[in-house]
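Data from query_3.cif: mmCIF, C-alpha atoms; chains and numbers go by the auth columns
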data_entry
loop_
_atom_site.group_PDB
_atom_site.id
_atom_site.type_symbol
_atom_site.label_atom_id
_atom_site.label_comp_id
_atom_site.label_asym_id
_atom_site.label_seq_id
_atom_site.Cartn_x
_atom_site.Cartn_y
_atom_site.Cartn_z
_atom_site.B_iso_or_equiv
_atom_site.auth_seq_id
_atom_site.auth_asym_id
ATOM 1 C CA MET A 1 150.361 40.988 64.341 0.00 1 A
ATOM 2 C CA LYS A 2 152.211 43.540 62.212 0.00 2 A
ATOM 3 C CA ARG A 3 150.324 42.289 59.205 0.00 3 A
ATOM 4 C CA ILE A 4 146.920 42.957 60.873 0.00 4 A
ATOM 5 C CA ILE A 5 147.967 46.478 61.854 0.00 5 A
ATOM 6 C CA ILE A 6 149.147 47.183 58.293 0.00 6 A
ATOM 7 C CA ILE A 7 145.856 45.892 56.837 0.00 7 A
ATOM 8 C CA ALA A 8 143.841 47.963 59.343 0.00 8 A
ATOM 9 C CA ALA A 9 145.880 51.078 58.545 0.00 9 A
ATOM 10 C CA MET A 10 145.363 50.549 54.823 0.00 10 A
ATOM 11 C CA ALA A 11 141.616 50.091 55.360 0.00 11 A
ATOM 12 C CA ILE A 12 141.420 53.321 57.367 0.00 12 A
ATOM 13 C CA MET A 13 143.371 55.202 54.723 0.00 13 A
ATOM 14 C CA SER A 14 141.115 53.759 52.013 0.00 14 A
ATOM 15 C CA VAL A 15 137.970 54.838 53.880 0.00 15 A
ATOM 16 C CA ALA A 16 139.428 58.299 54.487 0.00 16 A
ATOM 17 C CA ALA A 17 140.343 58.663 50.816 0.00 17 A
ATOM 18 C CA SER A 18 136.928 57.551 49.620 0.00 18 A
ATOM 19 C CA ALA A 19 135.209 59.846 52.123 0.00 19 A
ATOM 20 C CA GLN A 20 136.936 62.783 50.470 0.00 20 A
ATOM 21 C CA ASP A 21 135.511 61.699 47.103 0.00 21 A
ATOM 22 C CA PHE A 22 132.027 61.298 48.570 0.00 22 A
ATOM 23 C CA LYS A 23 129.863 64.054 47.132 0.00 23 A
ATOM 24 C CA TRP A 24 126.269 64.509 48.165 0.00 24 A
ATOM 25 C CA ALA A 25 123.403 66.797 47.420 0.00 25 A
ATOM 26 C CA TYR A 26 119.870 67.375 48.555 0.00 26 A
ATOM 27 C CA VAL A 27 116.698 68.257 46.714 0.00 27 A
ATOM 28 C CA ASP A 28 113.182 69.272 47.694 0.00 28 A
ATOM 29 C CA PHE A 29 111.479 66.620 45.568 0.00 29 A
ATOM 30 C CA ASN A 30 107.979 67.494 46.782 0.00 30 A
ATOM 31 C CA GLU A 31 108.477 71.097 45.675 0.00 31 A
ATOM 32 C CA LEU A 32 109.657 69.979 42.255 0.00 32 A
ATOM 33 C CA VAL A 33 106.731 67.644 41.671 0.00 33 A
ATOM 34 C CA MET A 34 104.061 69.999 42.994 0.00 34 A
ATOM 35 C CA LEU A 35 105.298 72.954 40.919 0.00 35 A
ATOM 36 C CA MET A 36 105.894 71.174 37.612 0.00 36 A
ATOM 37 C CA PRO A 37 103.676 72.441 34.766 0.00 37 A
ATOM 38 C CA GLU A 38 102.594 68.837 34.145 0.00 38 A
ATOM 39 C CA MET A 39 101.201 68.696 37.681 0.00 39 A
ATOM 40 C CA ASP A 40 99.066 71.753 36.923 0.00 40 A
ATOM 41 C CA ALA A 41 97.591 69.887 33.956 0.00 41 A
ATOM 42 C CA ALA A 42 97.020 66.797 36.106 0.00 42 A
ATOM 43 C CA ARG A 43 95.268 68.888 38.756 0.00 43 A
ATOM 44 C CA ALA A 44 93.013 70.428 36.094 0.00 44 A
ATOM 45 C CA THR A 45 92.100 66.981 34.753 0.00 45 A
ATOM 46 C CA MET A 46 91.378 65.742 38.288 0.00 46 A
ATOM 47 C CA GLU A 47 89.213 68.776 39.049 0.00 47 A
ATOM 48 C CA GLU A 48 87.212 68.325 35.847 0.00 48 A
ATOM 49 C CA ASN A 49 86.710 64.650 36.600 0.00 49 A
ATOM 50 C CA GLN A 50 85.623 65.391 40.173 0.00 50 A
ATOM 51 C CA LYS A 51 83.232 68.086 38.962 0.00 51 A
ATOM 52 C CA THR A 52 81.579 65.657 36.557 0.00 52 A
ATOM 53 C CA ASN A 53 81.335 63.012 39.266 0.00 53 A
ATOM 54 C CA GLU A 54 79.814 65.513 41.712 0.00 54 A
ATOM 55 C CA GLU A 55 77.188 66.523 39.158 0.00 55 A
ATOM 56 C CA ILE A 56 76.189 62.881 38.711 0.00 56 A
ATOM 57 C CA LEU A 57 76.064 62.308 42.480 0.00 57 A
ATOM 58 C CA VAL A 58 73.980 65.455 43.032 0.00 58 A
ATOM 59 C CA SER A 59 71.536 64.264 40.408 0.00 59 A
ATOM 60 C CA MET A 60 71.291 60.860 42.052 0.00 60 A
ATOM 61 C CA TYR A 61 70.838 62.425 45.483 0.00 61 A
ATOM 62 C CA GLU A 62 68.068 64.678 44.188 0.00 62 A
ATOM 63 C CA GLU A 63 66.296 61.622 42.765 0.00 63 A
ATOM 64 C CA TYR A 64 66.598 59.954 46.167 0.00 64 A
ATOM 65 C CA GLN A 65 65.273 63.059 47.956 0.00 65 A
ATOM 66 C CA THR A 66 62.305 63.331 45.576 0.00 66 A
ATOM 67 C CA LYS A 67 61.353 59.675 46.045 0.00 67 A
ATOM 68 C CA ALA A 68 61.780 59.877 49.823 0.00 68 A
ATOM 69 C CA GLN A 69 59.624 63.008 50.076 0.00 69 A
ATOM 70 C CA GLN A 70 56.984 61.481 47.848 0.00 70 A
ATOM 71 C CA TYR A 71 56.984 58.394 50.059 0.00 71 A
ATOM 72 C CA GLN A 72 56.577 60.458 53.243 0.00 72 A
ATOM 73 C CA GLN A 73 53.737 62.484 51.772 0.00 73 A
ATOM 74 C CA LYS A 74 51.753 59.624 50.238 0.00 74 A
ATOM 75 C CA ALA A 75 52.653 56.537 52.284 0.00 75 A
ATOM 76 C CA GLU A 76 49.474 56.728 54.353 0.00 76 A
ATOM 77 C CA SER A 77 47.261 56.616 51.261 0.00 77 A
ATOM 78 C CA TRP A 78 49.103 53.735 49.593 0.00 78 A
ATOM 79 C CA THR A 79 48.303 50.085 49.943 0.00 79 A
ATOM 80 C CA PRO A 80 50.895 47.923 51.732 0.00 80 A
ATOM 81 C CA ALA A 81 52.050 46.479 48.398 0.00 81 A
ATOM 82 C CA ILE A 82 52.664 49.932 46.883 0.00 82 A
ATOM 83 C CA ARG A 83 54.398 51.088 50.090 0.00 83 A
ATOM 84 C CA GLN A 84 56.658 48.038 49.994 0.00 84 A
ATOM 85 C CA SER A 85 57.429 48.637 46.313 0.00 85 A
ATOM 86 C CA LYS A 86 58.284 52.312 46.959 0.00 86 A
ATOM 87 C CA GLU A 87 60.475 51.385 49.956 0.00 87 A
ATOM 88 C CA ALA A 88 62.371 48.892 47.796 0.00 88 A
ATOM 89 C CA GLU A 89 62.776 51.554 45.113 0.00 89 A
ATOM 90 C CA ILE A 90 64.168 54.061 47.621 0.00 90 A
ATOM 91 C CA THR A 91 66.507 51.454 49.096 0.00 91 A
ATOM 92 C CA GLU A 92 67.723 50.566 45.602 0.00 92 A
ATOM 93 C CA ILE A 93 68.381 54.232 44.760 0.00 93 A
ATOM 94 C CA GLN A 94 70.295 54.671 48.020 0.00 94 A
ATOM 95 C CA ALA A 95 72.391 51.534 47.346 0.00 95 A
ATOM 96 C CA ARG A 96 73.107 52.703 43.786 0.00 96 A
ATOM 97 C CA PHE A 97 74.152 56.125 45.127 0.00 97 A
ATOM 98 C CA GLU A 98 76.557 54.583 47.653 0.00 98 A
ATOM 99 C CA GLN A 99 77.972 52.179 45.069 0.00 99 A
ATOM 100 C CA THR A 100 78.493 55.035 42.610 0.00 100 A
ATOM 101 C CA GLN A 101 80.222 57.100 45.314 0.00 101 A
ATOM 102 C CA GLN A 102 82.629 54.238 46.033 0.00 102 A
ATOM 103 C CA SER A 103 83.211 53.632 42.339 0.00 103 A
ATOM 104 C CA PHE A 104 83.982 57.309 41.737 0.00 104 A
ATOM 105 C CA ALA A 105 86.415 57.370 44.678 0.00 105 A
ATOM 106 C CA ALA A 106 88.277 54.376 43.227 0.00 106 A
ATOM 107 C CA GLU A 107 88.280 55.974 39.752 0.00 107 A
ATOM 108 C CA ILE A 108 89.665 59.238 41.103 0.00 108 A
ATOM 109 C CA ASN A 109 92.406 57.378 42.965 0.00 109 A
ATOM 110 C CA GLN A 110 93.321 55.391 39.840 0.00 110 A
ATOM 111 C CA LEU A 111 93.270 58.506 37.650 0.00 111 A
ATOM 112 C CA GLN A 112 95.482 60.360 40.110 0.00 112 A
ATOM 113 C CA GLN A 113 98.032 57.540 40.056 0.00 113 A
ATOM 114 C CA GLU A 114 97.974 57.378 36.253 0.00 114 A
ATOM 115 C CA LEU A 115 98.430 61.132 35.885 0.00 115 A
ATOM 116 C CA GLN A 116 101.116 61.509 38.536 0.00 116 A
ATOM 117 C CA ALA A 117 103.288 58.479 37.709 0.00 117 A
ATOM 118 C CA PRO A 118 104.938 60.059 34.636 0.00 118 A
ATOM 119 C CA ILE A 119 105.388 63.325 36.531 0.00 119 A
ATOM 120 C CA TYR A 120 107.261 61.602 39.359 0.00 120 A
ATOM 121 C CA GLU A 121 109.303 59.628 36.815 0.00 121 A
ATOM 122 C CA LYS A 122 110.290 62.791 34.948 0.00 122 A
ATOM 123 C CA ALA A 123 111.319 64.549 38.168 0.00 123 A
ATOM 124 C CA GLN A 124 113.278 61.477 39.291 0.00 124 A
ATOM 125 C CA LYS A 125 115.052 61.215 35.948 0.00 125 A
ATOM 126 C CA THR A 126 115.923 64.913 36.001 0.00 126 A
ATOM 127 C CA VAL A 127 117.431 64.668 39.492 0.00 127 A
ATOM 128 C CA THR A 128 119.307 61.493 38.540 0.00 128 A
ATOM 129 C CA ASP A 129 120.695 63.084 35.369 0.00 129 A
ATOM 130 C CA LEU A 130 121.831 66.189 37.282 0.00 130 A
ATOM 131 C CA ALA A 131 123.460 64.037 39.977 0.00 131 A
ATOM 132 C CA LYS A 132 125.335 61.957 37.401 0.00 132 A
ATOM 133 C CA ALA A 133 126.475 65.070 35.527 0.00 133 A
ATOM 134 C CA LYS A 134 127.888 66.506 38.745 0.00 134 A
ATOM 135 C CA GLY A 135 129.514 63.243 39.829 0.00 135 A
ATOM 136 C CA LEU A 136 127.476 63.009 43.019 0.00 136 A
ATOM 137 C CA SER A 137 127.513 59.882 45.152 0.00 137 A
ATOM 138 C CA VAL A 138 124.076 60.359 46.661 0.00 138 A
ATOM 139 C CA VAL A 139 121.129 62.761 46.613 0.00 139 A
ATOM 140 C CA PHE A 140 118.915 63.058 49.673 0.00 140 A
ATOM 141 C CA GLU A 141 115.296 64.174 49.749 0.00 141 A
ATOM 142 C CA LEU A 142 115.188 67.285 51.914 0.00 142 A
ATOM 143 C CA SER A 143 112.048 66.415 53.882 0.00 143 A
ATOM 144 C CA THR A 144 113.522 63.126 55.150 0.00 144 A
ATOM 145 C CA LEU A 145 116.637 64.636 56.694 0.00 145 A
ATOM 146 C CA LEU A 146 116.563 65.253 60.428 0.00 146 A
ATOM 147 C CA TYR A 147 119.751 67.282 60.349 0.00 147 A
ATOM 148 C CA PHE A 148 122.223 68.292 57.692 0.00 148 A
ATOM 149 C CA ASP A 149 124.746 71.021 57.125 0.00 149 A
ATOM 150 C CA PRO A 150 123.796 72.682 53.812 0.00 150 A
ATOM 151 C CA ALA A 151 127.363 73.945 53.437 0.00 151 A
ATOM 152 C CA GLN A 152 128.595 70.345 53.191 0.00 152 A
ATOM 153 C CA GLY A 153 126.309 69.393 50.303 0.00 153 A
ATOM 154 C CA LEU A 154 124.848 70.812 47.139 0.00 154 A
ATOM 155 C CA ASN A 155 121.247 71.997 46.779 0.00 155 A
ATOM 156 C CA LEU A 156 120.072 70.541 43.458 0.00 156 A
ATOM 157 C CA THR A 157 116.580 72.034 43.738 0.00 157 A
ATOM 158 C CA PRO A 158 117.274 75.277 41.789 0.00 158 A
ATOM 159 C CA GLU A 159 118.905 73.445 38.873 0.00 159 A
ATOM 160 C CA ALA A 160 116.174 70.805 38.840 0.00 160 A
ATOM 161 C CA ARG A 161 113.502 73.541 38.849 0.00 161 A
ATOM 162 C CA THR A 162 115.086 75.081 35.756 0.00 162 A
ATOM 163 C CA ALA A 163 115.467 71.717 34.011 0.00 163 A
ATOM 164 C CA LEU A 164 111.802 70.889 34.711 0.00 164 A
ATOM 165 C CA GLY A 165 110.533 74.229 33.384 0.00 165 A
ATOM 166 C CA ILE A 166 109.249 75.535 36.719 0.00 166 A
ATOM 167 C CA PRO A 167 108.875 79.320 36.453 0.00 167 A
ATOM 168 C CA GLU A 168 111.181 81.377 38.606 0.00 168 A
ATOM 169 C CA GLY A 169 109.400 82.858 41.604 0.00 169 A
ATOM 170 C CA ARG A 170 106.785 80.107 41.724 0.00 170 A
ATOM 171 C CA THR A 171 106.782 78.524 45.159 0.00 171 A
ATOM 172 C CA LEU A 172 104.632 76.150 47.145 0.00 172 A
ATOM 173 C CA GLU A 173 103.151 79.222 48.846 0.00 173 A
ATOM 174 C CA THR A 174 102.177 80.841 45.545 0.00 174 A
ATOM 175 C CA LEU A 175 100.747 77.504 44.378 0.00 175 A
ATOM 176 C CA GLN A 176 98.671 77.256 47.548 0.00 176 A
ATOM 177 C CA ALA A 177 97.413 80.806 47.020 0.00 177 A
ATOM 178 C CA GLU A 178 96.492 79.956 43.397 0.00 178 A
ATOM 179 C CA LEU A 179 94.584 76.857 44.499 0.00 179 A
ATOM 180 C CA GLN A 180 92.765 78.741 47.270 0.00 180 A
ATOM 181 C CA ALA A 181 91.772 81.516 44.869 0.00 181 A
ATOM 182 C CA LYS A 182 90.477 78.936 42.405 0.00 182 A
ATOM 183 C CA ALA A 183 88.488 77.176 45.141 0.00 183 A
ATOM 184 C CA GLN A 184 86.983 80.476 46.321 0.00 184 A
ATOM 185 C CA ALA A 185 86.034 81.396 42.755 0.00 185 A
ATOM 186 C CA ALA A 186 84.363 78.007 42.312 0.00 186 A
ATOM 187 C CA GLN A 187 82.421 78.474 45.573 0.00 187 A
ATOM 188 C CA ALA A 188 81.302 81.931 44.510 0.00 188 A
ATOM 189 C CA GLN A 189 79.829 80.451 41.316 0.00 189 A
ATOM 190 C CA MET A 190 77.672 78.019 43.274 0.00 190 A
#
Let me see the file written as structure tokens.
Amino acid sequence: MKRIIIIAAMAIMSVAASAQDFKWAYVDFNELVMLMPEMDAARATMEENQKTNEEILVSMYEEYQTKAQQYQQKAESWTPAIRQSKEAEITEIQARFEQTQQSFAAEINQLQQELQAPIYEKAQKTVTDLAKAKGLSVVFELSTLLYFDPAQGLNLTPEARTALGIPEGRTLETLQAELQAKAQAAQAQM
């Protein structure tokens, strides 16, 4: 019995000692990724790709509209064979439009993954390197924590921002304002 008590006491002391060595930090990973200069370049590439795709889709839609209007205006004067041929042509244009839309959506998704993967990897490596350099046991992502006492851990976000080349003063709010201004400027050009 004494032996069990001694083992239990040693286990408790071991846990207490290791708890004192337990160092943790937290980081706003979403902020890091969204504000990285590389993400700005990825967004620009995505926007350019989407713009090109939209131009193609608009052109296809205009072709569809022209054929549909022509059909409505002249269908009465056409023979049944011509009407059937024009209906098939319109149906084919519509199917091609829908297929192109789906293809573009898949392309955009694939492009986004390809562009963002190295960005996430770089941010992850930066956080990992900082954690190792500081001898941390664990780093938590800020948005997944329900409760934490910031005084008990270390906020790695400022150091990670610097290491990733994120300009001081740039925040998610300023990024959102930049993106809104860009969207409004694009709408004004239309």
Legend entry - Long-range neighbours of Thr91 of chain A as a PyMOL selection string, 12 Å cut-off, all atoms listed in the file, 4 positions minimum in chain: chain A and resi 63-65+67-68+71+84-87+95-98
Inset, instruction - Find the distance between atom CA of Ser137 of chain A and atom CA of Gly169 of chain A and write it in Å to one decimal. - result: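 So the answer is 29.5 Å.
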Inset, instruction - Could you tell me how far atom CA of Ala105 of chain A lies from atom CA of Thr52 of chain A, in Å and to one decimal? - result: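 If I compute the distance from atom CA of Ala105 of chain A to atom CA of Thr52 of chain A, I get 12.6 Å.
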Inset, instruction - Select, from A:Ile108, A:Ala163, A:Val27, A:Val139, the residue with the minimum atom-to-atom distance to Glu54 of chain A, counting all atoms listed in the file. - result: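 Selected residue with least distance to Glu54 of chain A: A:Ile108.
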Output, as JSON, the centre and edge lengths in Å (one decimal) of the axis-aligned box that contains all listed atoms of segment 76-85 of chain A with 8 Å of margin on each side.
{"center_x": 52.3, "center_y": 51.6, "center_z": 50.3, "size_x": 26.2, "size_y": 26.2, "size_z": 24.0}
Legend entry - Selection dump of the PyMOL selection byres ((chain A and resi 24) around 8), as number ranges by chain: A: 22-23, 25-26, 136-140, 153-154
Legend entry - Residue contacts of Glu173 of chain A (12 Å, only C-alpha atoms) excluding same-chain residues fewer than 4 positions away, as a VMD selection string: chain A and resid 31 34 to 35 169 177 to 180
